[in-house]
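Heads up: the structure comes next, in structure tokens.
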Amino acid sequence: MSKARVTVVDYGTGNLFSVQRALDHCGADVKMSSKTDDIVAADRLVLPGVGAFADGMKGLRDRGLIEPLLQFAATERPMLGVCLGMQMLATTSEEFGQHQGLGLIPGRVRQVPTQAVNGEPNKIPHIGWSEISPASGGTWKETMLENTTAGTPVYLVHSFHLIPDDPAHLLADCGYGGHRVTAAVRSGAIVGAQFHPEKSGKEGLKMLTAFLRL
């Protein structure tokens with residue numbers, strides 16, 4: 001059985017190598033690239049990232065990668081955005097001003113609530129392990145979470161999250177200070193994880209393995 005071929009998009013941001021190592025561990029044939037041809041021709045695409053939204057989009061623009069990403073998404077091949085990579089799937093972001101995203105999952109990136117429902121301040125950024133659950137009325141069947149049990153803890157480091165325009169695109173959420181915060185989104189073959197599967201232990205590796213089988 002041939003290995004799943006995955007291109008990890010290199011646009012000058014961090015956590016590329018940890019994502020690459022995790023995919024290697026899951027049995028993928030991984031290529032890290034910022035070349036248009038490698039992106040358009042990929043079997044599966046992973047858009048990783050850490051840092052600010054505007055910086056991430058600038059990295060894509062400066063390398064001429066926005067149009068290739070949109071071309072890939074139009075083919076309905078599996079695509080995964082991780083952390084900042086997930087946020088850039090949105091239409092716009094409110095992080096340090098108004099910024100345009102890729103528009104692949106219509107919605108807006110907004111700050112995680114700074115105050116808990118009991119009035120106490122939330123620590124921002126939201127760092128640590130949180131349990132994810134299916135969004136209301138949703139299912140994880142035939143997604144990268146199909147082998148994941150509700151309540152599984154995952155590792156997050158973020159101050160913003162993607163709120164999709166269509167609630168049907170919300171795949172999973174987690175609790176923070178009594179609020180529900182977006183943990184994963186999905187539209188067709190495009191999925192985004194606010195958490196870091198590559199840093200979420202064996203359960204995170206199970207998710208990446210499921211992504212490789214989509």
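Going by the structure tokens order, chains are called A, B, ..., each with residues numbered from 1, while ligands are numbered from 1 in the order shown.
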* Residues within 12 Å of Gly201 (chain A), only C-alpha atoms, excluding chain neighbours under 5 positions, as a list in words ->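 Selected residues are Ala22, His25, Trp129, Thr152, Pro153, Val154, Tyr155, Phe195, His196, Lys206, Met207 and Leu208 of chain A.
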Members of region 33-189 of chain A assigned strand (DSSP E or B) by DSSP, as a PDB file with N, CA and C atoms, in the first residue's frame:
ATOM      1  N   SER A  33       7.117  22.535   1.265  1.00  0.00           N
ATOM      2  CA  SER A  33       7.380  23.310   0.063  1.00  0.00           C
ATOM      3  C   SER A  33       6.651  24.647   0.063  1.00  0.00           C
ATOM      4  N   ARG A  44      -2.736  15.737  -0.678  1.00  0.00           N
ATOM      5  CA  ARG A  44      -3.307  16.346   0.523  1.00  0.00           C
ATOM      6  C   ARG A  44      -2.429  17.526   0.898  1.00  0.00           C
ATOM      7  N   LEU A  45      -3.038  18.526   1.517  1.00  0.00           N
ATOM      8  CA  LEU A  45      -2.308  19.747   1.843  1.00  0.00           C
ATOM      9  C   LEU A  45      -2.496  20.070   3.321  1.00  0.00           C
ATOM     10  N   VAL A  46      -1.412  20.478   3.969  1.00  0.00           N
ATOM     11  CA  VAL A  46      -1.487  20.938   5.355  1.00  0.00           C
ATOM     12  C   VAL A  46      -0.949  22.359   5.413  1.00  0.00           C
ATOM     13  N   LEU A  47      -1.754  23.257   5.964  1.00  0.00           N
ATOM     14  CA  LEU A  47      -1.378  24.657   6.150  1.00  0.00           C
ATOM     15  C   LEU A  47      -1.181  24.880   7.649  1.00  0.00           C
ATOM     16  N   MET A  79      -7.659  19.033   2.759  1.00  0.00           N
ATOM     17  CA  MET A  79      -6.808  20.150   3.175  1.00  0.00           C
ATOM     18  C   MET A  79      -7.018  20.388   4.664  1.00  0.00           C
ATOM     19  N   LEU A  80      -5.923  20.545   5.397  1.00  0.00           N
ATOM     20  CA  LEU A  80      -5.975  20.738   6.846  1.00  0.00           C
ATOM     21  C   LEU A  80      -5.237  22.014   7.227  1.00  0.00           C
ATOM     22  N   GLY A  81      -5.919  22.906   7.930  1.00  0.00           N
ATOM     23  CA  GLY A  81      -5.294  24.085   8.510  1.00  0.00           C
ATOM     24  C   GLY A  81      -5.122  23.885  10.005  1.00  0.00           C
ATOM     25  N   VAL A  82      -3.943  24.188  10.533  1.00  0.00           N
ATOM     26  CA  VAL A  82      -3.647  23.983  11.946  1.00  0.00           C
ATOM     27  C   VAL A  82      -3.323  25.318  12.605  1.00  0.00           C
ATOM     28  N   THR A  92     -12.376  36.859   7.235  1.00  0.00           N
ATOM     29  CA  THR A  92     -11.699  38.015   7.810  1.00  0.00           C
ATOM     30  C   THR A  92     -11.232  37.714   9.228  1.00  0.00           C
ATOM     31  N   SER A  93     -10.339  38.576   9.718  1.00  0.00           N
ATOM     32  CA  SER A  93      -9.869  38.477  11.105  1.00  0.00           C
ATOM     33  C   SER A  93      -9.891  39.851  11.749  1.00  0.00           C
ATOM     34  N   HIS A  99      -8.443  42.212   8.634  1.00  0.00           N
ATOM     35  CA  HIS A  99      -7.569  41.594   7.637  1.00  0.00           C
ATOM     36  C   HIS A  99      -8.348  40.533   6.861  1.00  0.00           C
ATOM     37  N   GLN A 100      -8.068  40.454   5.566  1.00  0.00           N
ATOM     38  CA  GLN A 100      -8.740  39.502   4.688  1.00  0.00           C
ATOM     39  C   GLN A 100      -8.046  38.148   4.747  1.00  0.00           C
ATOM     40  N   GLY A 107     -16.438  33.090   7.568  1.00  0.00           N
ATOM     41  CA  GLY A 107     -16.530  33.377   8.989  1.00  0.00           C
ATOM     42  C   GLY A 107     -15.507  34.420   9.387  1.00  0.00           C
ATOM     43  N   ARG A 108     -15.542  34.746  10.667  1.00  0.00           N
ATOM     44  CA  ARG A 108     -14.688  35.810  11.189  1.00  0.00           C
ATOM     45  C   ARG A 108     -13.848  35.286  12.351  1.00  0.00           C
ATOM     46  N   VAL A 109     -12.578  35.670  12.381  1.00  0.00           N
ATOM     47  CA  VAL A 109     -11.686  35.322  13.483  1.00  0.00           C
ATOM     48  C   VAL A 109     -11.790  36.403  14.545  1.00  0.00           C
ATOM     49  N   ARG A 110     -12.203  35.998  15.748  1.00  0.00           N
ATOM     50  CA  ARG A 110     -12.419  36.949  16.839  1.00  0.00           C
ATOM     51  C   ARG A 110     -11.646  36.518  18.080  1.00  0.00           C
ATOM     52  N   GLN A 111     -11.458  37.445  18.983  1.00  0.00           N
ATOM     53  CA  GLN A 111     -10.702  37.141  20.191  1.00  0.00           C
ATOM     54  C   GLN A 111     -11.466  36.175  21.091  1.00  0.00           C
ATOM     55  N   GLN A 115     -13.181  37.343  29.522  1.00  0.00           N
ATOM     56  CA  GLN A 115     -13.801  37.235  30.844  1.00  0.00           C
ATOM     57  C   GLN A 115     -14.639  35.969  30.914  1.00  0.00           C
ATOM     58  N   PRO A 121     -11.408  37.095  35.147  1.00  0.00           N
ATOM     59  CA  PRO A 121     -10.688  37.218  33.872  1.00  0.00           C
ATOM     60  C   PRO A 121     -10.182  35.876  33.370  1.00  0.00           C
ATOM     61  N   HIS A 126      -5.082  31.583  25.572  1.00  0.00           N
ATOM     62  CA  HIS A 126      -5.592  30.322  26.113  1.00  0.00           C
ATOM     63  C   HIS A 126      -4.538  29.266  25.813  1.00  0.00           C
ATOM     64  N   ILE A 127      -3.850  28.801  26.839  1.00  0.00           N
ATOM     65  CA  ILE A 127      -2.765  27.835  26.673  1.00  0.00           C
ATOM     66  C   ILE A 127      -3.043  26.607  27.532  1.00  0.00           C
ATOM     67  N   GLY A 128      -2.918  25.445  26.924  1.00  0.00           N
ATOM     68  CA  GLY A 128      -3.039  24.210  27.693  1.00  0.00           C
ATOM     69  C   GLY A 128      -3.970  23.206  27.049  1.00  0.00           C
ATOM     70  N   TRP A 129      -4.378  22.238  27.875  1.00  0.00           N
ATOM     71  CA  TRP A 129      -5.195  21.124  27.395  1.00  0.00           C
ATOM     72  C   TRP A 129      -6.672  21.391  27.676  1.00  0.00           C
ATOM     73  N   SER A 130      -7.497  21.173  26.657  1.00  0.00           N
ATOM     74  CA  SER A 130      -8.947  21.320  26.799  1.00  0.00           C
ATOM     75  C   SER A 130      -9.640  20.149  26.121  1.00  0.00           C
ATOM     76  N   GLU A 131     -10.765  19.739  26.660  1.00  0.00           N
ATOM     77  CA  GLU A 131     -11.529  18.629  26.095  1.00  0.00           C
ATOM     78  C   GLU A 131     -12.422  19.132  24.971  1.00  0.00           C
ATOM     79  N   ILE A 132     -12.390  18.433  23.839  1.00  0.00           N
ATOM     80  CA  ILE A 132     -13.223  18.830  22.710  1.00  0.00           C
ATOM     81  C   ILE A 132     -14.491  17.983  22.649  1.00  0.00           C
ATOM     82  N   SER A 133     -15.532  18.584  22.110  1.00  0.00           N
ATOM     83  CA  SER A 133     -16.821  17.908  21.963  1.00  0.00           C
ATOM     84  C   SER A 133     -17.398  18.249  20.601  1.00  0.00           C
ATOM     85  N   PRO A 134     -18.259  17.364  20.049  1.00  0.00           N
ATOM     86  CA  PRO A 134     -18.916  17.705  18.783  1.00  0.00           C
ATOM     87  C   PRO A 134     -19.780  18.947  18.954  1.00  0.00           C
ATOM     88  N   PRO A 153      -8.887  15.331  25.423  1.00  0.00           N
ATOM     89  CA  PRO A 153      -8.140  16.578  25.591  1.00  0.00           C
ATOM     90  C   PRO A 153      -7.143  16.798  24.458  1.00  0.00           C
ATOM     91  N   VAL A 154      -7.038  18.045  24.019  1.00  0.00           N
ATOM     92  CA  VAL A 154      -6.086  18.437  22.977  1.00  0.00           C
ATOM     93  C   VAL A 154      -5.338  19.683  23.460  1.00  0.00           C
ATOM     94  N   TYR A 155      -4.209  19.962  22.822  1.00  0.00           N
ATOM     95  CA  TYR A 155      -3.359  21.070  23.261  1.00  0.00           C
ATOM     96  C   TYR A 155      -3.583  22.310  22.396  1.00  0.00           C
ATOM     97  N   LEU A 156      -3.844  23.429  23.060  1.00  0.00           N
ATOM     98  CA  LEU A 156      -4.106  24.691  22.369  1.00  0.00           C
ATOM     99  C   LEU A 156      -3.187  25.802  22.859  1.00  0.00           C
ATOM    100  N   VAL A 157      -2.846  26.702  21.945  1.00  0.00           N
ATOM    101  CA  VAL A 157      -2.150  27.950  22.272  1.00  0.00           C
ATOM    102  C   VAL A 157      -2.723  29.015  21.343  1.00  0.00           C
ATOM    103  N   HIS A 158      -3.650  29.831  21.830  1.00  0.00           N
ATOM    104  CA  HIS A 158      -4.267  30.816  20.935  1.00  0.00           C
ATOM    105  C   HIS A 158      -4.969  31.918  21.725  1.00  0.00           C
ATOM    106  N   PHE A 160      -7.198  33.913  19.587  1.00  0.00           N
ATOM    107  CA  PHE A 160      -8.319  34.140  18.679  1.00  0.00           C
ATOM    108  C   PHE A 160      -8.869  32.797  18.206  1.00  0.00           C
ATOM    109  N   HIS A 161     -10.102  32.815  17.720  1.00  0.00           N
ATOM    110  CA  HIS A 161     -10.707  31.592  17.183  1.00  0.00           C
ATOM    111  C   HIS A 161     -11.652  31.959  16.050  1.00  0.00           C
ATOM    112  N   LEU A 162     -11.889  30.996  15.163  1.00  0.00           N
ATOM    113  CA  LEU A 162     -12.727  31.208  13.975  1.00  0.00           C
ATOM    114  C   LEU A 162     -14.182  30.912  14.320  1.00  0.00           C
ATOM    115  N   ILE A 163     -15.029  31.898  14.115  1.00  0.00           N
ATOM    116  CA  ILE A 163     -16.468  31.711  14.291  1.00  0.00           C
ATOM    117  C   ILE A 163     -17.104  31.649  12.909  1.00  0.00           C
ATOM    118  N   PRO A 164     -17.488  30.457  12.440  1.00  0.00           N
ATOM    119  CA  PRO A 164     -18.024  30.335  11.076  1.00  0.00           C
ATOM    120  C   PRO A 164     -19.394  30.992  10.940  1.00  0.00           C
ATOM    121  N   LEU A 170     -19.063  24.302  12.041  1.00  0.00           N
ATOM    122  CA  LEU A 170     -18.396  24.120  13.327  1.00  0.00           C
ATOM    123  C   LEU A 170     -18.349  22.634  13.650  1.00  0.00           C
ATOM    124  N   LEU A 171     -17.148  22.069  13.639  1.00  0.00           N
ATOM    125  CA  LEU A 171     -16.987  20.627  13.835  1.00  0.00           C
ATOM    126  C   LEU A 171     -16.847  20.251  15.301  1.00  0.00           C
ATOM    127  N   ALA A 172     -16.075  21.037  16.055  1.00  0.00           N
ATOM    128  CA  ALA A 172     -15.839  20.740  17.468  1.00  0.00           C
ATOM    129  C   ALA A 172     -15.571  22.030  18.220  1.00  0.00           C
ATOM    130  N   ASP A 173     -15.915  22.003  19.506  1.00  0.00           N
ATOM    131  CA  ASP A 173     -15.588  23.147  20.347  1.00  0.00           C
ATOM    132  C   ASP A 173     -15.076  22.659  21.693  1.00  0.00           C
ATOM    133  N   CYS A 174     -14.628  23.599  22.509  1.00  0.00           N
ATOM    134  CA  CYS A 174     -14.139  23.269  23.843  1.00  0.00           C
ATOM    135  C   CYS A 174     -14.534  24.397  24.793  1.00  0.00           C
ATOM    136  N   GLY A 175     -14.499  24.109  26.072  1.00  0.00           N
ATOM    137  CA  GLY A 175     -14.901  25.096  27.052  1.00  0.00           C
ATOM    138  C   GLY A 175     -13.722  25.922  27.546  1.00  0.00           C
ATOM    139  N   TYR A 176     -13.970  27.220  27.767  1.00  0.00           N
ATOM    140  CA  TYR A 176     -12.961  28.082  28.381  1.00  0.00           C
ATOM    141  C   TYR A 176     -13.670  29.174  29.167  1.00  0.00           C
ATOM    142  N   HIS A 179     -17.347  29.549  28.489  1.00  0.00           N
ATOM    143  CA  HIS A 179     -17.709  29.834  27.100  1.00  0.00           C
ATOM    144  C   HIS A 179     -17.362  28.639  26.225  1.00  0.00           C
ATOM    145  N   ARG A 180     -18.013  28.529  25.064  1.00  0.00           N
ATOM    146  CA  ARG A 180     -17.641  27.535  24.067  1.00  0.00           C
ATOM    147  C   ARG A 180     -16.744  28.217  23.035  1.00  0.00           C
ATOM    148  N   VAL A 181     -15.577  27.656  22.833  1.00  0.00           N
ATOM    149  CA  VAL A 181     -14.574  28.207  21.925  1.00  0.00           C
ATOM    150  C   VAL A 181     -14.361  27.226  20.781  1.00  0.00           C
ATOM    151  N   THR A 182     -14.207  27.741  19.578  1.00  0.00           N
ATOM    152  CA  THR A 182     -14.032  26.874  18.405  1.00  0.00           C
ATOM    153  C   THR A 182     -12.753  26.063  18.512  1.00  0.00           C
ATOM    154  N   ALA A 183     -12.878  24.746  18.327  1.00  0.00           N
ATOM    155  CA  ALA A 183     -11.720  23.852  18.323  1.00  0.00           C
ATOM    156  C   ALA A 183     -11.433  23.303  16.932  1.00  0.00           C
ATOM    157  N   ALA A 184     -12.482  23.115  16.112  1.00  0.00           N
ATOM    158  CA  ALA A 184     -12.284  22.602  14.756  1.00  0.00           C
ATOM    159  C   ALA A 184     -13.462  23.023  13.883  1.00  0.00           C
ATOM    160  N   VAL A 185     -13.166  23.229  12.607  1.00  0.00           N
ATOM    161  CA  VAL A 185     -14.188  23.587  11.625  1.00  0.00           C
ATOM    162  C   VAL A 185     -14.029  22.671  10.410  1.00  0.00           C
ATOM    163  N   ARG A 186     -15.083  22.604   9.603  1.00  0.00           N
ATOM    164  CA  ARG A 186     -15.018  21.752   8.417  1.00  0.00           C
ATOM    165  C   ARG A 186     -16.024  22.224   7.379  1.00  0.00           C
ATOM    166  N   SER A 187     -15.577  22.251   6.134  1.00  0.00           N
ATOM    167  CA  SER A 187     -16.461  22.502   5.000  1.00  0.00           C
ATOM    168  C   SER A 187     -15.997  21.600   3.867  1.00  0.00           C
TER     169      SER A 187
END
* Of the candidates A:Ile105, A:Val40, A:Leu23, A:Val30, which one gets nearest to Leu65 (chain A) if we count only C-alpha atoms? ->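 Among the listed residues, the smallest separation from Leu65 (chain A) belongs to A:Val40.
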* To do: Rank A:Ala42, A:Gly101, A:Gly177, A:Thr148 by their smallest atom-to-atom distance to Lys202 (chain A), using only C-alpha atoms, and report the top residue only.
  => A:Thr148
* May I have the residues within 12 Å of Thr13 (chain A) as a list in words, using only C-alpha atoms and disregarding those fewer than 6 positions away in the same chain? =>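 Here the qualifying residues turn out to be Ser34, Leu47, Pro48, Gly49, Val50, Gly51, Ala52, Phe53, Ala54, Asp55, Gly56, Met57, Lys58, Gly59, Leu60, Val82, Cys83, Leu84 and Gly85 of chain A.
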Those residues you just picked out, can you put them in a file as a compact mmCIF listing (two decimals), in the first residue's frame with C-alpha atoms?
# COMPACT_ATOMS: atom_id res chain seq x y z
CA SER A 34 6.61 26.90 -0.90
CA LEU A 47 -1.38 24.66 6.15
CA PRO A 48 0.31 24.99 9.56
CA GLY A 49 1.23 28.16 11.42
CA VAL A 50 1.74 30.09 14.61
CA GLY A 51 1.70 33.84 15.18
CA ALA A 52 -0.43 36.75 13.99
CA PHE A 53 -3.04 36.53 11.23
CA ALA A 54 -1.74 39.50 9.22
CA ASP A 55 1.81 38.16 9.24
CA GLY A 56 0.62 34.75 8.05
CA MET A 57 -1.39 36.20 5.16
CA LYS A 58 1.56 38.42 4.22
CA GLY A 59 3.78 35.34 4.12
CA LEU A 60 1.35 33.69 1.69
CA VAL A 82 -3.65 23.98 11.95
CA CYS A 83 -3.80 26.83 14.51
CA LEU A 84 -3.04 30.01 12.51
CA GLY A 85 -3.47 27.89 9.38
* DSSP alpha helix (DSSP H) selection over region 36-114 of chain A, as JSON, numbers by chain -> {"A": [36, 37, 38, 39, 40, 53, 54, 55, 56, 57, 58, 59, 60, 61, 62, 66, 67, 68, 69, 70, 71, 72, 73, 74, 84, 85, 86, 87]}
Could you write out the selected residues, including C-alpha atoms, as a PDB file, in the first residue's frame?
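Dumped everything to selection-v7.pdb:
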ATOM      1  CA  THR A  36       3.223  26.617  -6.529  1.00  0.00           C
ATOM      2  CA  ASP A  37       3.546  23.366  -8.478  1.00  0.00           C
ATOM      3  CA  ASP A  38       3.989  21.284  -5.297  1.00  0.00           C
ATOM      4  CA  ILE A  39       0.882  22.840  -3.767  1.00  0.00           C
ATOM      5  CA  VAL A  40      -1.408  22.543  -6.768  1.00  0.00           C
ATOM      6  CA  PHE A  53      -3.035  36.529  11.229  1.00  0.00           C
ATOM      7  CA  ALA A  54      -1.740  39.499   9.218  1.00  0.00           C
ATOM      8  CA  ASP A  55       1.807  38.157   9.242  1.00  0.00           C
ATOM      9  CA  GLY A  56       0.616  34.751   8.054  1.00  0.00           C
ATOM     10  CA  MET A  57      -1.385  36.202   5.163  1.00  0.00           C
ATOM     11  CA  LYS A  58       1.559  38.421   4.215  1.00  0.00           C
ATOM     12  CA  GLY A  59       3.779  35.337   4.122  1.00  0.00           C
ATOM     13  CA  LEU A  60       1.350  33.686   1.690  1.00  0.00           C
ATOM     14  CA  ARG A  61       1.052  36.811  -0.478  1.00  0.00           C
ATOM     15  CA  ASP A  62       4.785  37.451  -0.622  1.00  0.00           C
ATOM     16  CA  ILE A  66      -2.849  32.440  -2.169  1.00  0.00           C
ATOM     17  CA  GLU A  67      -4.062  31.546  -5.664  1.00  0.00           C
ATOM     18  CA  PRO A  68      -2.459  28.059  -5.590  1.00  0.00           C
ATOM     19  CA  LEU A  69      -4.174  27.367  -2.247  1.00  0.00           C
ATOM     20  CA  LEU A  70      -7.529  28.439  -3.669  1.00  0.00           C
ATOM     21  CA  GLN A  71      -6.934  26.280  -6.755  1.00  0.00           C
ATOM     22  CA  PHE A  72      -6.164  23.278  -4.569  1.00  0.00           C
ATOM     23  CA  ALA A  73      -9.242  23.812  -2.407  1.00  0.00           C
ATOM     24  CA  ALA A  74     -11.452  23.929  -5.511  1.00  0.00           C
ATOM     25  CA  LEU A  84      -3.038  30.007  12.507  1.00  0.00           C
ATOM     26  CA  GLY A  85      -3.470  27.891   9.380  1.00  0.00           C
ATOM     27  CA  MET A  86      -7.056  27.227  10.445  1.00  0.00           C
ATOM     28  CA  GLN A  87      -7.738  30.901  11.139  1.00  0.00           C
TER      29      GLN A  87
END
* **Residue nearest Phe96 (chain A) among A:Glu198, A:Asp10, A:Val191, A:Ser159 (counting only C-alpha atoms)** =>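 Closest to Phe96 (chain A) of all the choices is A:Ser159.
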* To do: Rank A:Arg63, A:Ala210, A:Asp29, A:Met88 by their smallest atom-to-atom distance to Lys141 (chain A), using only C-alpha atoms, and report the top residue only.
  =>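 Residue with the minimum atom-to-atom distance to Lys141 (chain A): A:Ala210.
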* Could you tell me which of A:Ile124, A:Leu212, A:Ala189, A:Val117 comes closest to Glu76 (chain A) if we count only C-alpha atoms? =>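 Checking each of A:Ile124, A:Leu212, A:Ala189, A:Val117 against Glu76 (chain A), counting only C-alpha atoms, the winner is A:Ala189.
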* Asked: What is the distance between CA of Lys31 (chain A) and CA of Val8 (chain A), in Å to one decimal?
  ->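 Straight-line distance from CA of Lys31 (chain A) to CA of Val8 (chain A) works out to 6.1 Å.
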